[in-house]
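Here's model_9.pdb, which has PDB, C-alpha atoms:
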ATOM      1  CA  PHE A   1      75.507 100.722 121.183
ATOM      2  CA  PHE A   2      75.705  99.600 117.562
ATOM      3  CA  LEU A   3      78.539  97.261 118.515
ATOM      4  CA  TYR A   4      76.386  95.711 121.229
ATOM      5  CA  ALA A   5      73.519  95.350 118.739
ATOM      6  CA  PHE A   6      75.912  93.602 116.340
ATOM      7  CA  TYR A   7      76.914  91.087 119.026
ATOM      8  CA  LYS A   8      73.278  90.674 120.042
ATOM      9  CA  ILE A   9      72.230  89.812 116.489
ATOM     10  CA  ARG A  10      75.050  87.276 116.281
ATOM     11  CA  GLY A  11      74.077  85.836 119.661
ATOM     12  CA  THR A  12      77.569  86.420 121.074
ATOM     13  CA  GLU A  13      76.833  89.309 123.449
ATOM     14  CA  ARG A  14      77.796  87.172 126.439
ATOM     15  CA  ASN A  15      81.355  87.120 125.097
ATOM     16  CA  ILE A  16      81.757  90.901 124.983
ATOM     17  CA  LEU A  17      84.020  91.071 128.032
ATOM     18  CA  ASN A  18      86.110  88.230 126.637
ATOM     19  CA  TYR A  19      86.675  90.315 123.511
ATOM     20  CA  LEU A  20      87.438  93.367 125.631
ATOM     21  CA  VAL A  21      90.139  91.518 127.566
ATOM     22  CA  ALA A  22      91.538  90.124 124.310
ATOM     23  CA  VAL A  23      91.693  93.602 122.743
ATOM     24  CA  PHE A  24      93.703  95.003 125.645
ATOM     25  CA  CYS A  25      96.009  91.986 125.594
ATOM     26  CA  ILE A  26      96.643  92.702 121.904
ATOM     27  CA  GLN A  27      97.227  96.343 122.810
ATOM     28  CA  SER A  28      99.911  95.267 125.294
ATOM     29  CA  LEU A  29     101.581  93.178 122.594
ATOM     30  CA  ILE A  30     101.467  96.127 120.184
ATOM     31  CA  GLU A  31     103.124  98.341 122.786
ATOM     32  CA  TRP A  32     105.893  95.819 123.409
ATOM     33  CA  SER A  33     106.432  95.354 119.663
ATOM     34  CA  ALA A  34     106.676  99.099 119.026
ATOM     35  CA  PHE A  35     109.021  99.482 121.984
ATOM     36  CA  LEU A  36     111.355  96.671 120.910
ATOM     37  CA  PHE A  37     111.285  96.935 117.112
ATOM     38  CA  SER A  38     111.857 100.195 115.231
ATOM     39  CA  PRO A  39     109.930  99.155 112.073
ATOM     40  CA  VAL A  40     106.818  98.526 114.174
ATOM     41  CA  LYS A  41     107.306 101.863 115.908
ATOM     42  CA  ASP A  42     107.556 103.610 112.541
ATOM     43  CA  LEU A  43     104.374 101.910 111.379
ATOM     44  CA  ILE A  44     102.532 102.902 114.556
ATOM     45  CA  ASN A  45     103.651 106.505 114.134
ATOM     46  CA  PHE A  46     101.718 106.729 110.863
ATOM     47  CA  THR A  47      98.542 106.689 112.983
ATOM     48  CA  LYS A  48      99.647 109.517 115.293
ATOM     49  CA  SER A  49      99.766 113.268 115.111
ATOM     50  CA  GLU A  50     103.068 115.091 115.162
ATOM     51  CA  ALA A  51     102.232 116.498 118.599
ATOM     52  CA  THR A  52     101.678 112.987 120.005
ATOM     53  CA  ILE A  53     104.940 111.721 118.523
ATOM     54  CA  LEU A  54     106.871 114.649 119.970
ATOM     55  CA  LYS A  55     105.264 114.155 123.363
ATOM     56  CA  GLY A  56     106.162 110.468 123.286
ATOM     57  CA  MET A  57     109.772 111.320 122.421
ATOM     58  CA  GLY A  58     109.878 113.303 125.653
ATOM     59  CA  TYR A  59     109.575 109.970 127.483
ATOM     60  CA  SER A  60     112.594 108.463 125.695
ATOM     61  CA  GLY A  61     110.424 106.270 123.508
ATOM     62  CA  VAL A  62     108.638 104.560 126.407
ATOM     63  CA  ARG A  63     105.231 106.082 125.694
ATOM     64  CA  ALA A  64     103.116 106.582 122.556
ATOM     65  CA  ASN A  65     103.666 102.972 121.484
ATOM     66  CA  SER A  66      99.997 102.000 121.315
ATOM     67  CA  LEU A  67      97.488 101.771 118.512
ATOM     68  CA  ALA A  68      94.765 103.834 120.160
ATOM     69  CA  SER A  69      93.019 107.191 120.083
ATOM     70  CA  SER A  70      94.823 108.124 123.301
ATOM     71  CA  ASP A  71      98.388 107.122 124.079
ATOM     72  CA  PHE A  72      98.643 108.625 127.525
ATOM     73  CA  PHE A  73      96.155 109.179 130.360
ATOM     74  CA  GLY A  74      93.147 107.951 128.396
ATOM     75  CA  LEU A  75      94.714 104.584 127.609
ATOM     76  CA  SER A  76      96.175 104.111 131.088
ATOM     77  CA  SER A  77      92.724 104.823 132.588
ATOM     78  CA  ALA A  78      91.148 102.284 130.243
ATOM     79  CA  PHE A  79      93.704  99.695 131.368
ATOM     80  CA  ALA A  80      92.828 100.526 134.989
ATOM     81  CA  ILE A  81      89.161  99.821 134.272
ATOM     82  CA  VAL A  82      89.969  96.524 132.544
ATOM     83  CA  TYR A  83      92.061  95.443 135.565
ATOM     84  CA  LEU A  84      88.870  95.680 137.616
ATOM     85  CA  LEU A  85      86.430  94.300 135.036
ATOM     86  CA  PHE A  86      88.694  91.291 134.558
ATOM     87  CA  PHE A  87      87.131  89.878 137.743
ATOM     88  CA  SER A  88      83.575  90.209 136.464
ATOM     89  CA  ARG A  89      81.613  87.000 136.047
ATOM     90  CA  GLN A  90      81.000  88.161 132.483
ATOM     91  CA  ASN A  91      84.655  87.473 131.782
ATOM     92  CA  GLY A  92      84.647  83.940 130.445
ATOM     93  CA  THR A  93      88.431  83.671 130.629
ATOM     94  CA  LEU A  94      88.080  83.121 134.391
ATOM     95  CA  LYS A  95      86.892  79.620 133.505
ATOM     96  CA  LEU A  96      90.250  78.813 131.928
ATOM     97  CA  LYS A  97      93.146  77.190 133.721
ATOM     98  CA  PRO A  98      94.549  79.320 136.560
ATOM     99  CA  TYR A  99      97.996  79.596 134.982
ATOM    100  CA  ILE A 100      96.417  80.917 131.764
ATOM    101  CA  ASN A 101      94.607  83.607 133.723
ATOM    102  CA  ILE A 102      97.856  84.518 135.453
ATOM    103  CA  LEU A 103      99.558  84.950 132.079
ATOM    104  CA  ILE A 104      96.647  87.000 130.710
ATOM    105  CA  TYR A 105      96.526  89.287 133.728
ATOM    106  CA  GLY A 106     100.296  89.656 133.715
ATOM    107  CA  LEU A 107     100.228  90.624 130.038
ATOM    108  CA  LEU A 108      97.498  93.165 130.758
ATOM    109  CA  LEU A 109      99.590  94.646 133.558
ATOM    110  CA  THR A 110     102.483  95.285 131.205
ATOM    111  CA  GLY A 111     100.214  97.421 129.054
ATOM    112  CA  THR A 112     100.263 100.163 131.636
ATOM    113  CA  PHE A 113     104.085 100.171 131.568
ATOM    114  CA  PHE A 114     103.834 102.205 128.382
ATOM    115  CA  ALA A 115     100.429 103.865 128.747
ATOM    116  CA  GLY A 116     100.996 105.403 132.174
ATOM    117  CA  ARG A 117     101.210 104.581 135.849
ATOM    118  CA  THR A 118      97.568 105.557 136.381
ATOM    119  CA  GLY A 119      96.714 101.979 135.475
ATOM    120  CA  TYR A 120      98.050 100.767 138.809
ATOM    121  CA  VAL A 121      95.077 102.443 140.502
ATOM    122  CA  GLY A 122      92.849  99.864 138.817
ATOM    123  CA  VAL A 123      94.911  97.026 140.264
ATOM    124  CA  LEU A 124      94.527  98.468 143.768
ATOM    125  CA  ILE A 125      90.757  98.905 143.384
ATOM    126  CA  ALA A 126      90.491  95.352 142.027
ATOM    127  CA  MET A 127      92.264  94.019 145.142
ATOM    128  CA  ILE A 128      89.906  95.895 147.441
ATOM    129  CA  TYR A 129      86.895  94.693 145.468
ATOM    130  CA  ILE A 130      87.907  91.055 145.793
ATOM    131  CA  VAL A 131      88.501  91.373 149.543
ATOM    132  CA  LYS A 132      85.098  93.061 149.898
ATOM    133  CA  SER A 133      83.447  90.286 147.900
ATOM    134  CA  LEU A 134      84.946  87.677 150.214
ATOM    135  CA  LYS A 135      83.345  89.397 153.197
ATOM    136  CA  ILE A 136      79.814  89.742 151.863
ATOM    137  CA  LYS A 137      79.398  86.240 150.467
ATOM    138  CA  LYS A 138      80.110  82.739 151.613
ATOM    139  CA  ILE A 139      83.702  81.998 150.717
ATOM    140  CA  SER A 140      84.078  79.529 147.878
ATOM    141  CA  TRP A 141      86.892  78.145 145.779
ATOM    142  CA  SER A 142      86.126  80.598 142.945
ATOM    143  CA  PHE A 143      86.622  83.520 145.323
ATOM    144  CA  PHE A 144      89.998  82.200 146.430
ATOM    145  CA  ARG A 145      90.913  81.566 142.807
ATOM    146  CA  ASN A 146      90.054  85.126 141.775
ATOM    147  CA  LEU A 147      91.954  86.518 144.741
ATOM    148  CA  GLY A 148      94.893  84.321 143.824
ATOM    149  CA  PHE A 149      94.900  85.678 140.277
ATOM    150  CA  ALA A 150      95.067  89.215 141.572
ATOM    151  CA  LEU A 151      97.810  88.534 144.112
ATOM    152  CA  ILE A 152      99.864  86.594 141.607
ATOM    153  CA  GLY A 153      99.457  89.484 139.196
ATOM    154  CA  ILE A 154     101.077  91.728 141.801
ATOM    155  CA  LEU A 155     103.870  89.204 142.252
ATOM    156  CA  ILE A 156     104.394  89.122 138.499
ATOM    157  CA  LEU A 157     104.693  92.887 138.519
ATOM    158  CA  SER A 158     107.268  92.672 141.301
ATOM    159  CA  GLY A 159     109.146  89.965 139.436
ATOM    160  CA  MET A 160     109.262  92.122 136.347
ATOM    161  CA  ALA A 161     110.762  94.882 138.456
ATOM    162  CA  VAL A 162     113.600  92.548 139.376
ATOM    163  CA  PHE A 163     113.984  91.604 135.719
ATOM    164  CA  PHE A 164     114.283  95.234 134.715
ATOM    165  CA  LEU A 165     116.811  95.837 137.462
ATOM    166  CA  LYS A 166     119.074  93.351 135.700
ATOM    167  CA  ALA A 167     118.155  94.467 132.205
ATOM    168  CA  VAL A 168     118.999  98.121 132.798
ATOM    169  CA  GLN A 169     122.649  97.165 133.058
ATOM    170  CA  MET A 170     122.618  96.078 129.414
ATOM    171  CA  ASN A 171     120.055  98.158 127.569
ATOM    172  CA  GLU A 172     119.326 101.894 127.689
ATOM    173  CA  ASN A 173     115.756 101.444 126.450
ATOM    174  CA  PHE A 174     114.960  99.085 129.301
ATOM    175  CA  GLU A 175     116.554 101.508 131.715
ATOM    176  CA  ASN A 176     114.220 104.253 130.500
ATOM    177  CA  LEU A 177     111.251 101.910 130.775
ATOM    178  CA  TYR A 178     112.227 100.871 134.278
ATOM    179  CA  ASN A 179     112.764 104.446 135.474
ATOM    180  CA  PHE A 180     109.378 105.525 134.129
ATOM    181  CA  THR A 181     107.269 102.525 135.120
ATOM    182  CA  PHE A 182     108.690 101.986 138.592
ATOM    183  CA  GLN A 183     109.351 105.589 139.576
ATOM    184  CA  LEU A 184     107.342 105.167 142.775
ATOM    185  CA  PHE A 185     109.315 102.098 143.864
ATOM    186  CA  ILE A 186     112.594 103.812 143.024
ATOM    187  CA  SER A 187     111.632 106.814 145.149
ATOM    188  CA  LEU A 188     110.636 104.584 148.051
ATOM    189  CA  THR A 189     113.875 102.616 147.997
ATOM    190  CA  GLU A 190     116.218 105.543 147.428
ATOM    191  CA  ASP A 191     114.855 108.282 149.688
ATOM    192  CA  ASN A 192     111.795 106.757 151.397
ATOM    193  CA  SER A 193     109.440 109.101 149.550
ATOM    194  CA  ALA A 194     106.538 108.520 147.205
ATOM    195  CA  LYS A 195     107.504 110.955 144.488
ATOM    196  CA  ILE A 196     105.846 110.557 141.111
ATOM    197  CA  SER A 197     106.338 113.317 138.567
ATOM    198  CA  SER A 198     102.781 113.136 137.266
ATOM    199  CA  LEU A 199     101.353 113.486 140.789
ATOM    200  CA  GLN A 200     103.672 116.315 141.740
ATOM    201  CA  SER A 201     102.487 118.232 138.682
ATOM    202  CA  LEU A 202      98.947 118.204 140.106
ATOM    203  CA  ASP A 203      99.913 120.546 142.947
ATOM    204  CA  HIS A 204      99.420 123.675 140.865
ATOM    205  CA  MET A 205      96.420 122.344 138.932
ATOM    206  CA  TYR A 206      94.004 122.511 141.868
ATOM    207  CA  PHE A 207      93.212 126.065 142.939
ATOM    208  CA  THR A 208      90.336 128.139 144.287
ATOM    209  CA  VAL A 209      87.936 129.953 141.963
ATOM    210  CA  ASP A 210      85.383 132.689 142.566
ATOM    211  CA  PRO A 211      81.786 131.665 143.427
ATOM    212  CA  TYR A 212      80.413 132.575 139.992
ATOM    213  CA  THR A 213      82.922 130.317 138.243
ATOM    214  CA  PHE A 214      82.380 127.522 140.757
ATOM    215  CA  PHE A 215      78.618 127.390 140.269
ATOM    216  CA  LEU A 216      78.204 128.387 136.616
ATOM    217  CA  GLY A 217      81.636 128.149 135.023
ATOM    218  CA  ASP A 218      83.364 130.552 132.648
ATOM    219  CA  SER A 219      82.298 128.754 129.433
ATOM    220  CA  PHE A 220      85.940 128.425 128.354
ATOM    221  CA  TYR A 221      87.488 125.012 127.822
ATOM    222  CA  SER A 222      90.714 125.943 126.049
ATOM    223  CA  ASN A 223      92.943 128.945 125.426
ATOM    224  CA  PRO A 224      93.605 130.501 122.003
ATOM    225  CA  ASP A 225      96.918 128.627 121.811
ATOM    226  CA  GLY A 226      95.145 125.292 122.266
ATOM    227  CA  SER A 227      96.159 124.722 125.889
ATOM    228  CA  TYR A 228      93.547 124.036 128.530
ATOM    229  CA  TYR A 229      91.804 127.006 130.104
ATOM    230  CA  MET A 230      93.761 128.262 133.131
ATOM    231  CA  HIS A 231      96.305 125.524 132.331
ATOM    232  CA  THR A 232      94.794 122.860 134.577
ATOM    233  CA  ASP A 233      95.023 119.230 133.558
ATOM    234  CA  VAL A 234      92.618 117.558 136.010
ATOM    235  CA  GLY A 235      89.092 116.394 135.302
ATOM    236  CA  TYR A 236      87.127 118.142 138.016
ATOM    237  CA  MET A 237      88.779 121.510 137.499
ATOM    238  CA  ARG A 238      88.314 121.450 133.735
ATOM    239  CA  THR A 239      84.573 120.835 133.921
ATOM    240  CA  ILE A 240      84.038 123.274 136.806
ATOM    241  CA  LEU A 241      85.875 126.023 134.938
ATOM    242  CA  TYR A 242      83.894 125.239 131.802
ATOM    243  CA  MET A 243      80.354 124.756 133.148
ATOM    244  CA  GLY A 244      80.495 124.962 136.929
ATOM    245  CA  ILE A 245      79.690 122.454 139.627
ATOM    246  CA  PHE A 246      76.160 121.941 138.293
ATOM    247  CA  GLY A 247      77.515 120.878 134.911
ATOM    248  CA  THR A 248      80.030 118.599 136.620
ATOM    249  CA  LEU A 249      77.252 116.955 138.657
ATOM    250  CA  PHE A 250      75.222 116.571 135.472
ATOM    251  CA  LEU A 251      78.092 114.636 133.905
ATOM    252  CA  LEU A 252      78.284 112.424 136.990
ATOM    253  CA  MET A 253      74.545 111.783 136.760
ATOM    254  CA  MET A 254      74.959 110.758 133.130
ATOM    255  CA  GLN A 255      77.743 108.356 134.102
ATOM    256  CA  LEU A 256      75.586 106.799 136.805
ATOM    257  CA  LEU A 257      72.714 106.384 134.350
ATOM    258  CA  ILE A 258      75.058 104.482 132.046
ATOM    259  CA  ILE A 259      76.465 102.178 134.734
ATOM    260  CA  ARG A 260      73.297 101.881 136.883
ATOM    261  CA  PRO A 261      75.250 100.595 139.886
ATOM    262  CA  PHE A 262      72.136  99.666 141.879
ATOM    263  CA  ARG A 263      70.338  97.801 139.098
ATOM    264  CA  GLY A 264      71.191  94.759 137.027
ATOM    265  CA  ASN A 265      73.948  92.334 137.991
ATOM    266  CA  GLU A 266      77.205  92.692 139.908
ATOM    267  CA  LYS A 267      76.080  95.722 141.899
ATOM    268  CA  VAL A 268      79.180  95.773 144.093
ATOM    269  CA  LEU A 269      81.511  95.542 141.120
ATOM    270  CA  LYS A 270      79.691  98.407 139.416
ATOM    271  CA  LEU A 271      79.900 100.472 142.592
ATOM    272  CA  PHE A 272      83.661  99.914 142.642
ATOM    273  CA  LEU A 273      83.733 100.906 138.984
ATOM    274  CA  VAL A 274      82.102 104.221 139.894
ATOM    275  CA  ILE A 275      84.635 104.737 142.685
ATOM    276  CA  LEU A 276      87.474 103.995 140.275
ATOM    277  CA  LEU A 277      86.160 106.555 137.786
ATOM    278  CA  LEU A 278      85.866 109.185 140.518
ATOM    279  CA  ILE A 279      89.483 108.563 141.525
ATOM    280  CA  LEU A 280      90.745 108.636 137.942
ATOM    281  CA  ASN A 281      88.939 111.919 137.397
ATOM    282  CA  LEU A 282      91.215 113.472 140.019
ATOM    283  CA  LYS A 283      94.014 113.151 137.470
ATOM    284  CA  GLY A 284      92.260 113.763 134.155
ATOM    285  CA  GLU A 285      88.876 113.787 132.446
ATOM    286  CA  VAL A 286      87.215 110.398 132.648
ATOM    287  CA  ILE A 287      83.568 110.768 133.672
ATOM    288  CA  VAL A 288      81.493 110.717 130.443
ATOM    289  CA  TRP A 289      84.423 112.294 128.639
ATOM    290  CA  GLY A 290      87.389 110.097 127.747
ATOM    291  CA  GLN A 291      86.688 108.272 124.510
ATOM    292  CA  ILE A 292      88.345 104.968 125.381
ATOM    293  CA  THR A 293      87.142 104.845 128.979
ATOM    294  CA  LEU A 294      83.588 105.761 128.026
ATOM    295  CA  THR A 295      83.551 103.024 125.392
ATOM    296  CA  VAL A 296      84.834 100.361 127.780
ATOM    297  CA  VAL A 297      82.470 101.321 130.592
ATOM    298  CA  THR A 298      79.442 101.584 128.308
ATOM    299  CA  ILE A 299      79.923  98.266 126.523
ATOM    300  CA  TYR A 300      80.322  96.496 129.877
ATOM    301  CA  SER A 301      77.325  98.273 131.427
ATOM    302  CA  ILE A 302      74.978  97.472 128.526
ATOM    303  CA  ASN A 303      75.902  93.809 128.628
ATOM    304  CA  ASN A 304      75.661  93.711 132.411
ATOM    305  CA  TYR A 305      72.207  95.254 132.473
ATOM    306  CA  PHE A 306      70.600  93.118 129.795
ATOM    307  CA  ASN A 307      72.164  89.719 130.508
ATOM    308  CA  LYS A 308      71.602  87.565 133.545
ATOM    309  CA  ILE A 309      74.819  86.061 134.833
ATOM    310  CA  GLY A 310      75.955  84.032 137.814
ATOM    311  CA  GLU A 311      76.484  86.861 140.249
ATOM    312  CA  LEU A 312      79.626  87.230 142.293
ATOM    313  CA  ASP A 313      78.242  89.836 144.639
ATOM    314  CA  GLY A 314      74.501  90.214 144.069
TER     315      GLY A 314
END
Structure translated into structure tokens:
Amino acid sequence: FFLYAFYKIRGTERNILNYLVAVFCIQSLIEWSAFLFSPVKDLINFTKSEATILKGMGYSGVRANSLASSDFFGLSSAFAIVYLLFFSRQNGTLKLKPYINILIYGLLLTGTFFAGRTGYVGVLIAMIYIVKSLKIKKISWSFFRNLGFALIGILILSGMAVFFLKAVQMNENFENLYNFTFQLFISLTEDNSAKISSLQSLDHMYFTVDPYTFFLGDSFYSNPDGSYYMHTDVGYMRTILYMGIFGTLFLLMMQLLIIRPFRGNEKVLKLFLVILLLILNLKGEVIVWGQITLTVVTIYSINNYFNKIGELDG
């Protein structure tokens, strides 16, 4: 809120989403630099805890290359949100040349290579949002242009997959990156399955609880050893175990009050943002919880609510 007030005083609040896109582009560049150059990686590690560094080492150096408060699910979720918000009319970069937007979106996509595959969910939701927007409004060149950006972004991602296929023959680091980032595609091509390690680990994290816990919670968030209570890693289960379904619904109400999907501008986009958050929360804590995601959503929502813009979807 103070950041928004700062932009408001300077008269640059309409550029907030531009800055947001720029920040995540810089984040992608930081990740690539840390991945490719050991001195940069060493410098980045000064900002991380020992536990984070050790966890990143478990991914053969592919992860924990960012300069952020969260190197894993939190950052990948934030990238997912930016992939959707990129198509907001508040994003002034959409007025740039199409090829520049393609490069920007492609660079953003590479950020999730290192943060986590959760980011791809944002790309999928963005595609659905654009198709929905085409149906509810008269089709114009700007709609086709935005759709083209998104589709080309997918093609860029596919092209990078081909690049990595060739690169893995020469470099072990790229092989590790390829195996992590494109695990789903590898599974589909090798055994016609959609196996992703992070999704398979969710099987044992959803379980039934007694009625008392479901409605009121157990008031425990973590165990004495620092692990999560009952060792579940998913958003809905954590909040239900801690404060029950009523507390979980209270958090959702708070999130809706921040976004206000049925007031202000871009109502359809904000509704898709809510849907995206609900999906992300199936994997980890996002709704009024994750520091990065909450910051991104809030700064967009404030600007959306107080500034009139040329609306894409009413």
Mind giving me the straight-line distance from atom CA of A:Val286 to atom CA of A:Gly74 in Å, one decimal?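 We find that atom CA of A:Val286 and atom CA of A:Gly74 lie 7.7 Å from each other.
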Report as JSON, numbers by chain all protein, DNA and RNA residues lying within 10 Å of A:Val288, evaluated on only C-alpha atoms, omitting residues in the same chain fewer than 2 positions from it. {"A": [250, 251, 252, 253, 254, 255, 256, 258, 277, 285, 286, 290, 291, 293, 294, 295, 297, 298]}
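Between atom CA of A:Ile240 and atom CA of A:Leu280 the separation is 16.1 Å.
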Quick one, how far is atom CA of A:Tyr221 from atom CA of A:Met57?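 Computing the Euclidean distance for atom CA of A:Tyr221 and atom CA of A:Met57 yields 26.7 Å.
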Rank A:Arg10, A:His204, A:Arg117, A:Arg260 by their smallest atom-to-atom distance to A:Ala78, using only C-alpha atoms, and report the top residue only. A:Arg117
Just the residues within 8 Å of stretch 83-94 of chain A, please, counting all atoms listed in the file, with nothing from its chain fewer than 3 positions along; format it as a list in words.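 That gives Arg14, Asn15, Leu17, Asn18, Val21, Phe79, Ala80, Lys97, Pro98, Asn101, Tyr105, Leu108, Leu109, Gly122, Val123, Ile125, Ala126, Asn146, Glu266, Leu269, Leu273, Asn304, Ile309, Gly310, Glu311 and Leu312 of chain A.
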Answer key for the PyMOL selection byres ((chain A and resi 215) around 6), residues as a compact mmCIF listing (two decimals) with C-alpha atoms, in the frame of the given file:
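After the write, selection.txt holds the following:
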# COMPACT_ATOMS: atom_id res chain seq x y z
CA TYR A 212 80.41 132.57 139.99
CA THR A 213 82.92 130.32 138.24
CA PHE A 214 82.38 127.52 140.76
CA LEU A 216 78.20 128.39 136.62
CA GLY A 244 80.50 124.96 136.93
CA ILE A 245 79.69 122.45 139.63
With all atoms listed in the file as the atoms that count, which of A:Asn303, A:Ser227, A:Asn281, A:Thr232 lies nearest to A:Phe73? A:Asn281
Check the smallest atom-to-atom distance from each of A:Thr118, A:Ser133, A:Asn173, A:Ser70 to A:Ser38 using all atoms listed in the file, then report the winner.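 Smallest distance to A:Ser38 is found for A:Asn173.
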Env of A:Gly111: 8 Å cut, atoms = all atoms listed in the file, seq-sep filter 4 positions within chain, self excluded. Answer as a PyMOL selection string. chain A and resi 24-25+27-29+31+79+107+115
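Once the PyMOL selection byres ((chain A and resi 264) around 10) is applied to this file, the selection holds A:Ile259, A:Arg260, A:Pro261, A:Phe262, A:Arg263, A:Asn265, A:Glu266, A:Lys267, A:Lys270, A:Ser301, A:Ile302, A:Asn303, A:Asn304, A:Tyr305, A:Phe306, A:Asn307, A:Lys308, A:Ile309, A:Gly314.
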Counting all atoms listed in the file, which of A:Leu96, A:Ile287, A:Ala64, A:Ile299 gets nearest to A:Gly247?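 Between A:Leu96, A:Ile287, A:Ala64, A:Ile299, the residue approaching A:Gly247 most closely is A:Ile287.
By chain and then residue number, the residues within 6 Å of A:Thr112 are Ser76, Gly116 and Gly119 of chain A, counting only C-alpha atoms and disregarding those fewer than 4 positions away in sequence.
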Could you give me, as a list in words, the residues within 12 Å of A:Ile53, counting all atoms listed in the file and dropping anything in the same chain fewer than 6 positions from it?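 Neighbouring residues, sequence-local ones excluded: Lys41, Asp42, Ile44, Asn45, Phe46, Thr47, Tyr59, Ser60, Gly61, Val62, Arg63, Ala64, Asn65, Ser66, Ser70, Asp71 and Phe72 of chain A.
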